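*Asks:* For reference, the file structure37.cif (mmCIF, C-alpha atoms) is included below:
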data_start
#
loop_
_atom_site.label_atom_id
_atom_site.label_comp_id
_atom_site.auth_asym_id
_atom_site.auth_seq_id
_atom_site.Cartn_x
_atom_site.Cartn_y
_atom_site.Cartn_z
CA ILE A 1 142.67 61.50 53.65
CA LEU A 2 142.26 64.94 55.16
CA SER A 3 145.30 67.09 55.78
CA GLN A 4 146.32 70.53 57.01
CA PHE A 5 149.86 71.72 57.55
CA PRO A 6 151.84 74.96 57.74
CA ASP A 7 153.77 76.04 54.65
CA SER A 8 156.11 78.80 53.54
CA GLN A 9 155.69 81.50 50.90
CA THR A 10 157.27 79.14 48.37
CA TYR A 11 154.59 76.48 49.04
CA VAL A 12 157.26 73.75 48.97
CA ARG A 13 155.30 71.43 51.30
CA THR A 14 152.10 71.82 49.32
CA ILE A 15 153.85 71.13 46.00
CA THR A 16 155.74 68.17 47.50
CA ARG A 17 152.52 66.69 48.92
CA LEU A 18 150.83 67.07 45.54
CA GLN A 19 153.80 65.41 43.80
CA ILE A 20 153.47 62.45 46.17
CA LEU A 21 149.70 62.17 45.67
CA GLN A 22 149.79 62.74 41.89
CA PRO A 23 146.22 64.07 41.66
CA MET A 24 144.20 63.91 38.45
CA GLU A 25 142.32 67.05 39.43
CA ILE A 26 142.98 69.88 41.89
CA ILE A 27 140.15 72.01 43.25
CA VAL A 28 140.82 75.60 44.33
CA PRO A 29 138.58 78.51 45.37
CA HIS A 30 137.54 80.64 42.40
CA THR A 31 139.17 83.62 44.15
CA ALA A 32 142.58 82.03 43.32
CA CYS A 33 142.16 83.15 39.71
CA GLU A 34 139.40 85.74 39.88
CA GLY A 35 139.43 88.53 37.32
CA GLY A 36 142.50 87.14 35.57
CA GLN A 37 144.59 87.66 38.71
CA ARG A 38 146.09 84.30 39.60
CA THR A 39 147.56 83.74 43.06
CA LYS A 40 151.13 82.53 43.45
CA LEU A 41 149.98 79.07 44.55
CA PHE A 42 147.60 78.80 41.58
CA ARG A 43 150.47 79.69 39.19
CA LEU A 44 152.84 77.21 40.87
CA ILE A 45 150.31 74.38 40.65
CA GLY A 46 149.72 75.16 36.99
CA GLU A 47 153.46 75.13 36.27
CA GLN A 48 154.28 72.02 38.31
CA PHE A 49 151.26 69.99 37.19
CA PRO A 50 150.53 70.99 33.57
CA SER A 51 148.57 67.80 32.82
CA THR A 52 146.43 68.03 35.98
CA ASN A 53 142.99 69.58 35.65
CA LEU A 54 142.57 72.69 37.83
CA SER A 55 138.94 73.27 38.78
CA THR A 56 137.48 76.16 40.73
CA VAL A 57 134.71 76.16 43.31
CA GLN A 58 132.92 79.25 44.60
CA ARG A 59 134.43 80.52 47.82
CA LYS A 60 131.10 80.23 49.68
CA TYR A 61 131.36 76.41 49.58
CA PHE A 62 134.58 76.47 51.64
CA ASN A 63 132.63 76.28 54.89
CA GLU A 64 134.17 74.92 58.10
CA THR A 65 130.83 74.16 59.78
CA LYS A 66 129.52 72.27 56.74
CA GLY A 67 132.79 70.32 56.54
CA LEU A 68 132.42 69.09 60.10
CA GLN A 69 128.77 68.18 59.43
CA TYR A 70 129.80 66.17 56.35
CA ILE A 71 132.45 64.29 58.34
CA ARG A 72 129.96 63.45 61.09
CA GLN A 73 127.43 62.28 58.52
CA LEU A 74 129.67 60.37 56.10
CA CYS A 75 132.44 58.84 58.22
CA VAL A 76 132.16 55.15 59.03
CA PRO A 77 131.79 54.58 62.81
CA GLU A 78 135.17 52.84 63.14
CA PHE A 79 136.94 56.07 62.09
CA ASN A 80 134.74 58.64 63.82
CA THR A 81 137.60 59.68 66.15
CA VAL A 82 138.86 61.71 63.18
CA GLU A 83 136.25 64.29 64.19
CA MET A 84 138.30 65.17 67.29
CA GLU A 85 141.47 65.49 65.21
CA VAL A 86 139.98 67.89 62.67
CA ALA A 87 137.56 69.86 64.87
CA SER A 88 139.98 72.81 65.09
CA LYS A 89 141.40 72.53 61.55
CA TYR A 90 139.58 75.34 59.72
CA TYR A 91 141.21 74.91 56.30
CA CYS A 92 140.87 71.13 56.39
CA LEU A 93 137.16 71.28 57.20
CA ALA A 94 136.41 74.09 54.76
CA THR A 95 138.16 72.26 51.94
CA ALA A 96 136.38 68.99 52.74
CA ALA A 97 133.05 70.83 52.44
CA ALA A 98 134.02 72.36 49.08
CA LEU A 99 135.25 69.02 47.75
CA LEU A 100 132.07 67.20 48.69
CA LYS A 101 129.93 69.99 47.16
CA TYR A 102 132.01 69.76 43.98
CA ILE A 103 131.51 65.99 43.82
CA GLU A 104 127.79 66.43 44.40
CA PHE A 105 127.13 69.20 41.84
CA ILE A 106 129.78 68.72 39.15
CA GLN A 107 130.22 64.95 39.19
CA ASN A 108 126.61 64.20 40.20
CA MET A 109 127.58 61.83 43.00
CA VAL A 110 126.30 61.63 46.56
CA TYR A 111 127.83 59.50 49.31
CA ALA A 112 125.65 57.38 51.56
CA PRO A 113 125.74 58.15 55.30
CA ALA A 114 128.50 56.34 57.22
CA SER A 115 130.16 55.17 53.99
CA LEU A 116 133.57 56.91 53.94
CA LYS A 117 136.79 56.01 55.70
CA VAL A 118 138.03 59.44 56.79
CA VAL A 119 141.54 59.81 58.23
CA PHE A 120 143.65 62.86 59.06
CA LYS A 121 147.34 63.10 58.22
CA GLY A 122 149.16 66.27 59.17
CA SER A 123 152.83 67.01 58.67
CA GLU A 124 153.96 65.51 61.98
CA GLN A 125 156.73 62.93 61.79
CA THR A 126 157.88 64.20 58.39
CA ALA A 127 160.98 66.04 57.27
CA MET A 128 161.74 68.14 54.22
CA ILE A 129 165.06 67.36 52.55
CA ASP A 130 166.35 69.46 49.69
CA VAL A 131 167.89 67.85 46.59
CA ALA A 132 171.50 68.68 47.56
CA THR A 133 171.09 67.08 51.00
CA ALA A 134 169.44 63.97 49.54
CA LYS A 135 172.34 63.66 47.10
CA ASN A 136 174.98 64.13 49.85
CA LEU A 137 173.26 61.56 52.06
CA GLU A 138 173.19 59.13 49.11
CA LEU A 139 169.51 58.40 49.73
CA ILE A 140 168.71 57.36 46.16
CA SER A 141 172.04 56.77 44.43
CA ASN A 142 175.69 56.30 45.31
CA ALA A 143 177.70 59.51 44.79
CA ARG A 144 180.82 57.71 43.51
CA ASP A 145 179.20 55.04 41.36
CA SER A 146 175.63 55.66 40.21
CA ALA A 147 175.36 52.05 38.99
CA SER A 148 176.09 50.79 42.50
CA CYS A 149 173.25 49.87 44.82
CA HIS A 150 175.16 51.17 47.84
CA SER A 151 172.63 53.84 48.84
CA LEU A 152 169.85 53.88 51.39
CA PHE A 153 167.34 53.01 48.65
CA GLY A 154 169.62 50.24 47.36
CA VAL A 155 169.92 48.71 50.82
CA LEU A 156 166.17 48.82 51.45
CA ASN A 157 165.07 47.81 47.94
CA HIS A 158 164.91 44.04 48.48
CA THR A 159 161.65 42.17 48.16
CA LYS A 160 160.65 38.52 48.35
CA THR A 161 157.98 38.69 45.64
CA PRO A 162 157.69 40.43 42.25
CA GLY A 163 154.62 42.30 43.56
CA GLY A 164 156.71 43.79 46.35
CA GLY A 165 159.09 45.27 43.79
CA GLU A 166 156.21 47.20 42.24
CA LEU A 167 155.67 49.10 45.50
CA THR A 168 158.94 51.01 45.12
#
Written as structure tokens, how would this file's structure read?
*Replies:*
Amino acid sequence: ILSQFPDSQTYVRTITRLQILQPMEIIVPHTACEGGQRTKLFRLIGEQFPSTNLSTVQRKYFNETKGLQYIRQLCVPEFNTVEMEVASKYYCLATAAALLKYIEFIQNMVYAPASLKVVFKGSEQTAMIDVATAKNLELISNARDSASCHSLFGVLNHTKTPGGGELT
């Protein structure tokens, strides 16, 4: 999954996306912590994800042109329309190039041509809801009786099989 989206100075969307994805490792440009000077985003990631490994990659590997070449080379034909979606997404392409270089050099893995399912997911059709609003809307729990299942989650949390219950 490739992604690029606008964010604020608090990086709330980035942190939220990382919380959803629960990564084992996060790769950042080495300039994010160069000379002992850590960027705000680097500090936030370290604070929010203390058990996640933060790895750095040299800035020169964040290359938009290389990223597009990798996508053309590695994407399975059924998903090659992703190229049109990401062609103008500089950060997305540059990060894809750095990630694939990292996998190649650090993890000693190389992907075969036309072997990856590559999809793009931006921030369209999403909404950010702060904790107070989620509580007032009773999205997760009922405000009057927390044991009650009269909340949006309680109404939707019905499955036919035990496996379906594990998806929530």
*Asks:* Which of these residues is nearest to Cys33 of chain A, using all atoms listed in the file: A:Thr52, A:Val57, A:Tyr11, A:Ala114?
*Replies:*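 Result for the nearest residue to Cys33 of chain A: A:Val57.
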*Asks:* How many Å lie between atom CA of Gln73 of chain A and atom CA of Tyr102 of chain A, rounded to one decimal?
*Replies:*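 Distance reported for this atom pair: 17.0 Å.
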*Asks:* Written as a VMD selection string, what is the full residue list that the PyMOL selection byres ((chain A and resi 111) around 12) yields on the file shown?
*Replies:* chain A and resid 70 to 71 73 to 76 100 to 101 103 to 104 107 to 110 112 to 117
*Asks:* Could you check which of A:Ile140, A:Thr39, A:Val118, A:Met24 is closest to Glu78 of chain A, using all atoms listed in the file?
*Replies:*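 Using all atoms listed in the file, Glu78 of chain A sits closest to A:Val118.
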*Asks:* Could you tell me how far atom CA of Leu2 of chain A sits from atom CA of Ala96 of chain A, in Å to one decimal place?
*Replies:* 7.5 Å
*Asks:* As a PDB file with C-alpha atoms, in the frame of the given file, please: the residues near Leu54 of chain A (cut-off 10 Å, only C-alpha atoms, same-chain neighbours under 5 positions excluded).
*Replies:*
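Saved as around_0.pdb:
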ATOM      1  CA  MET A  24     144.200  63.910  38.450  1.00  0.00           C
ATOM      2  CA  GLU A  25     142.320  67.050  39.430  1.00  0.00           C
ATOM      3  CA  ILE A  26     142.980  69.880  41.890  1.00  0.00           C
ATOM      4  CA  ILE A  27     140.150  72.010  43.250  1.00  0.00           C
ATOM      5  CA  VAL A  28     140.820  75.600  44.330  1.00  0.00           C
ATOM      6  CA  PHE A  42     147.600  78.800  41.580  1.00  0.00           C
ATOM      7  CA  ILE A  45     150.310  74.380  40.650  1.00  0.00           C
ATOM      8  CA  GLY A  46     149.720  75.160  36.990  1.00  0.00           C
ATOM      9  CA  PHE A  49     151.260  69.990  37.190  1.00  0.00           C
TER      10      PHE A  49
END
*Asks:* Suppose you want the space between atom CA of Cys92 of chain A and atom CA of Met128 of chain A; what is it in Å?
*Replies:*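 Between atom CA of Cys92 of chain A and atom CA of Met128 of chain A the gap works out to 21.2 Å.
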*Asks:* Rank nothing, just name the residue among A:Leu21, A:Thr10, A:Thr65, A:Leu99 nearest to Arg43 of chain A, using all atoms listed in the file.
*Replies:* A:Thr10
*Asks:* Tell me, as number ranges by chain, which residues lie within 12 Å of Arg13 of chain A, counting only C-alpha atoms; anything in the same chain fewer than 4 positions away does not count.
*Replies:* A: 3-9, 17-20, 41, 122-123, 126-130
*Asks:* Show which residues sit within 6 Å of Gln58 of chain A, as a PDB file with C-alpha atoms, in the coordinates of the input. Count only C-alpha atoms, and ignore same-chain residues fewer than 2 positions away.
*Replies:*
ATOM      1  CA  PRO A  29     138.580  78.510  45.370  1.00  0.00           C
ATOM      2  CA  HIS A  30     137.540  80.640  42.400  1.00  0.00           C
ATOM      3  CA  LYS A  60     131.100  80.230  49.680  1.00  0.00           C
ATOM      4  CA  TYR A  61     131.360  76.410  49.580  1.00  0.00           C
TER       5      TYR A  61
END
*Asks:* List as a list in words the protein and nucleic acid residues near Phe153 of chain A, meaning an atom at most 12 Å away when all atoms listed in the file are counted, but skip any in the same chain fewer than 5 places from it.
*Replies:*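 Those residues are Ala134, Lys135, Leu137, Glu138, Leu139, Ile140, Ser141, Asn142, Ser148, His158 and Thr168 of chain A.
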*Asks:* When the PyMOL selection byres ((chain A and resi 90) around 10) is applied to the file above, which residues end up in the set, as a list in words?
*Replies:* Gln4, Phe62, Asn63, Glu64, Thr65, Gly67, Leu68, Val86, Ala87, Ser88, Lys89, Tyr91, Cys92, Leu93, Ala94, Thr95 and Ala96 of chain A
*Asks:* Which is closer to Gln69 of chain A than all the others in A:Ser151, A:Ala97, A:Thr56, A:Gln22, using only C-alpha atoms?
*Replies:*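 The shortest atom-to-atom distance to Gln69 of chain A comes from A:Ala97.
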*Asks:* First collect every listed atom of segment 55-58 of chain A; then fit an axis-aligned box around them, widen it by 3 Å on each side, and give centre and edge lengths in Å to one decimal, as AutoDock Vina command-line options.
*Replies:*
--center_x 135.9 --center_y 76.3 --center_z 41.7 --size_x 12.0 --size_y 12.0 --size_z 11.8
*Asks:* Measuring atom to atom with all atoms listed in the file, identify which of A:Ser55, A:Thr161, A:Thr16, A:Asn80 is nearest to Val119 of chain A.
*Replies:*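 Distance minimum relative to Val119 of chain A lands on A:Asn80.
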*Asks:* From the list A:Leu44, A:Gln37, A:Asn136, A:Phe120, which residue is nearest Leu152 of chain A when using all atoms listed in the file?
*Replies:*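 Among A:Leu44, A:Gln37, A:Asn136, A:Phe120, it is A:Asn136 that comes nearest to Leu152 of chain A.
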*Asks:* If I only want segment 64-100 of chain A, can you write it with N, CA and C atoms, as a PDB file, in the first residue's frame?
*Replies:*
ATOM      1  N   GLU A  64      12.361  10.133  -6.354  1.00  0.00           N
ATOM      2  CA  GLU A  64      11.064  10.024  -7.026  1.00  0.00           C
ATOM      3  C   GLU A  64      11.151   9.234  -8.335  1.00  0.00           C
ATOM      4  N   THR A  65      12.150   9.504  -9.137  1.00  0.00           N
ATOM      5  CA  THR A  65      12.299   8.830 -10.430  1.00  0.00           C
ATOM      6  C   THR A  65      12.519   7.337 -10.245  1.00  0.00           C
ATOM      7  N   LYS A  66      13.388   6.974  -9.296  1.00  0.00           N
ATOM      8  CA  LYS A  66      13.648   5.561  -9.005  1.00  0.00           C
ATOM      9  C   LYS A  66      12.387   4.873  -8.487  1.00  0.00           C
ATOM     10  N   GLY A  67      11.612   5.585  -7.663  1.00  0.00           N
ATOM     11  CA  GLY A  67      10.375   5.016  -7.132  1.00  0.00           C
ATOM     12  C   GLY A  67       9.410   4.642  -8.235  1.00  0.00           C
ATOM     13  N   LEU A  68       9.254   5.526  -9.213  1.00  0.00           N
ATOM     14  CA  LEU A  68       8.363   5.243 -10.339  1.00  0.00           C
ATOM     15  C   LEU A  68       8.907   4.077 -11.170  1.00  0.00           C
ATOM     16  N   GLN A  69      10.221   4.015 -11.349  1.00  0.00           N
ATOM     17  CA  GLN A  69      10.821   2.891 -12.078  1.00  0.00           C
ATOM     18  C   GLN A  69      10.555   1.568 -11.356  1.00  0.00           C
ATOM     19  N   TYR A  70      10.705   1.568 -10.029  1.00  0.00           N
ATOM     20  CA  TYR A  70      10.447   0.357  -9.241  1.00  0.00           C
ATOM     21  C   TYR A  70       8.994  -0.093  -9.395  1.00  0.00           C
ATOM     22  N   ILE A  71       8.064   0.854  -9.351  1.00  0.00           N
ATOM     23  CA  ILE A  71       6.645   0.508  -9.475  1.00  0.00           C
ATOM     24  C   ILE A  71       6.368  -0.089 -10.849  1.00  0.00           C
ATOM     25  N   ARG A  72       6.911   0.516 -11.887  1.00  0.00           N
ATOM     26  CA  ARG A  72       6.734  -0.020 -13.243  1.00  0.00           C
ATOM     27  C   ARG A  72       7.310  -1.430 -13.358  1.00  0.00           C
ATOM     28  N   GLN A  73       8.438  -1.654 -12.732  1.00  0.00           N
ATOM     29  CA  GLN A  73       9.132  -2.935 -12.829  1.00  0.00           C
ATOM     30  C   GLN A  73       8.493  -4.019 -11.967  1.00  0.00           C
ATOM     31  N   LEU A  74       8.052  -3.676 -10.762  1.00  0.00           N
ATOM     32  CA  LEU A  74       7.638  -4.693  -9.794  1.00  0.00           C
ATOM     33  C   LEU A  74       6.137  -4.952  -9.714  1.00  0.00           C
ATOM     34  N   CYS A  75       5.325  -4.025 -10.164  1.00  0.00           N
ATOM     35  CA  CYS A  75       3.870  -4.152 -10.025  1.00  0.00           C
ATOM     36  C   CYS A  75       3.304  -5.221 -10.969  1.00  0.00           C
ATOM     37  N   VAL A  76       2.424  -6.057 -10.422  1.00  0.00           N
ATOM     38  CA  VAL A  76       1.775  -7.058 -11.264  1.00  0.00           C
ATOM     39  C   VAL A  76       0.891  -6.334 -12.285  1.00  0.00           C
ATOM     40  N   PRO A  77       0.754  -6.870 -13.495  1.00  0.00           N
ATOM     41  CA  PRO A  77       0.007  -6.185 -14.555  1.00  0.00           C
ATOM     42  C   PRO A  77      -1.425  -5.794 -14.176  1.00  0.00           C
ATOM     43  N   GLU A  78      -2.089  -6.600 -13.367  1.00  0.00           N
ATOM     44  CA  GLU A  78      -3.484  -6.298 -13.009  1.00  0.00           C
ATOM     45  C   GLU A  78      -3.616  -4.998 -12.208  1.00  0.00           C
ATOM     46  N   PHE A  79      -2.539  -4.540 -11.589  1.00  0.00           N
ATOM     47  CA  PHE A  79      -2.584  -3.346 -10.751  1.00  0.00           C
ATOM     48  C   PHE A  79      -1.729  -2.215 -11.315  1.00  0.00           C
ATOM     49  N   ASN A  80      -1.349  -2.288 -12.583  1.00  0.00           N
ATOM     50  CA  ASN A  80      -0.459  -1.282 -13.139  1.00  0.00           C
ATOM     51  C   ASN A  80      -1.101   0.093 -13.312  1.00  0.00           C
ATOM     52  N   THR A  81      -2.414   0.219 -13.115  1.00  0.00           N
ATOM     53  CA  THR A  81      -3.049   1.544 -13.171  1.00  0.00           C
ATOM     54  C   THR A  81      -2.621   2.410 -11.987  1.00  0.00           C
ATOM     55  N   VAL A  82      -2.027   1.787 -10.970  1.00  0.00           N
ATOM     56  CA  VAL A  82      -1.536   2.546  -9.823  1.00  0.00           C
ATOM     57  C   VAL A  82      -0.485   3.560 -10.269  1.00  0.00           C
ATOM     58  N   GLU A  83       0.200   3.266 -11.359  1.00  0.00           N
ATOM     59  CA  GLU A  83       1.223   4.181 -11.872  1.00  0.00           C
ATOM     60  C   GLU A  83       0.635   5.558 -12.165  1.00  0.00           C
ATOM     61  N   MET A  84      -0.565   5.600 -12.741  1.00  0.00           N
ATOM     62  CA  MET A  84      -1.211   6.883 -13.026  1.00  0.00           C
ATOM     63  C   MET A  84      -1.582   7.618 -11.740  1.00  0.00           C
ATOM     64  N   GLU A  85      -1.983   6.870 -10.714  1.00  0.00           N
ATOM     65  CA  GLU A  85      -2.371   7.481  -9.444  1.00  0.00           C
ATOM     66  C   GLU A  85      -1.191   8.115  -8.718  1.00  0.00           C
ATOM     67  N   VAL A  86      -0.025   7.504  -8.809  1.00  0.00           N
ATOM     68  CA  VAL A  86       1.122   7.973  -8.037  1.00  0.00           C
ATOM     69  C   VAL A  86       2.115   8.806  -8.842  1.00  0.00           C
ATOM     70  N   ALA A  87       1.907   8.943 -10.130  1.00  0.00           N
ATOM     71  CA  ALA A  87       2.873   9.628 -10.992  1.00  0.00           C
ATOM     72  C   ALA A  87       3.228  11.030 -10.491  1.00  0.00           C
ATOM     73  N   SER A  88       2.302  11.723  -9.868  1.00  0.00           N
ATOM     74  CA  SER A  88       2.567  13.087  -9.386  1.00  0.00           C
ATOM     75  C   SER A  88       2.752  13.150  -7.868  1.00  0.00           C
ATOM     76  N   LYS A  89       2.894  12.026  -7.219  1.00  0.00           N
ATOM     77  CA  LYS A  89       3.036  11.970  -5.754  1.00  0.00           C
ATOM     78  C   LYS A  89       4.517  11.829  -5.383  1.00  0.00           C
ATOM     79  N   TYR A  90       5.209  12.960  -5.291  1.00  0.00           N
ATOM     80  CA  TYR A  90       6.650  12.970  -5.057  1.00  0.00           C
ATOM     81  C   TYR A  90       7.043  12.178  -3.813  1.00  0.00           C
ATOM     82  N   TYR A  91       6.434  12.487  -2.671  1.00  0.00           N
ATOM     83  CA  TYR A  91       6.827  11.844  -1.412  1.00  0.00           C
ATOM     84  C   TYR A  91       6.543  10.347  -1.427  1.00  0.00           C
ATOM     85  N   CYS A  92       5.438   9.977  -2.017  1.00  0.00           N
ATOM     86  CA  CYS A  92       5.061   8.568  -2.123  1.00  0.00           C
ATOM     87  C   CYS A  92       6.100   7.795  -2.938  1.00  0.00           C
ATOM     88  N   LEU A  93       6.463   8.337  -4.081  1.00  0.00           N
ATOM     89  CA  LEU A  93       7.428   7.671  -4.956  1.00  0.00           C
ATOM     90  C   LEU A  93       8.827   7.636  -4.334  1.00  0.00           C
ATOM     91  N   ALA A  94       9.231   8.749  -3.745  1.00  0.00           N
ATOM     92  CA  ALA A  94      10.558   8.820  -3.129  1.00  0.00           C
ATOM     93  C   ALA A  94      10.676   7.825  -1.981  1.00  0.00           C
ATOM     94  N   THR A  95       9.623   7.711  -1.192  1.00  0.00           N
ATOM     95  CA  THR A  95       9.641   6.787  -0.064  1.00  0.00           C
ATOM     96  C   THR A  95       9.613   5.338  -0.532  1.00  0.00           C
ATOM     97  N   ALA A  96       8.868   5.061  -1.585  1.00  0.00           N
ATOM     98  CA  ALA A  96       8.851   3.700  -2.136  1.00  0.00           C
ATOM     99  C   ALA A  96      10.248   3.298  -2.584  1.00  0.00           C
ATOM    100  N   ALA A  97      10.975   4.224  -3.217  1.00  0.00           N
ATOM    101  CA  ALA A  97      12.339   3.931  -3.660  1.00  0.00           C
ATOM    102  C   ALA A  97      13.245   3.642  -2.469  1.00  0.00           C
ATOM    103  N   ALA A  98      13.150   4.458  -1.417  1.00  0.00           N
ATOM    104  CA  ALA A  98      13.988   4.255  -0.229  1.00  0.00           C
ATOM    105  C   ALA A  98      13.659   2.933   0.456  1.00  0.00           C
ATOM    106  N   LEU A  99      12.383   2.603   0.545  1.00  0.00           N
ATOM    107  CA  LEU A  99      11.971   1.356   1.174  1.00  0.00           C
ATOM    108  C   LEU A  99      12.522   0.150   0.417  1.00  0.00           C
ATOM    109  N   LEU A 100      12.398   0.160  -0.887  1.00  0.00           N
ATOM    110  CA  LEU A 100      12.877  -0.966  -1.680  1.00  0.00           C
ATOM    111  C   LEU A 100      14.404  -1.080  -1.637  1.00  0.00           C
TER     112      LEU A 100
END
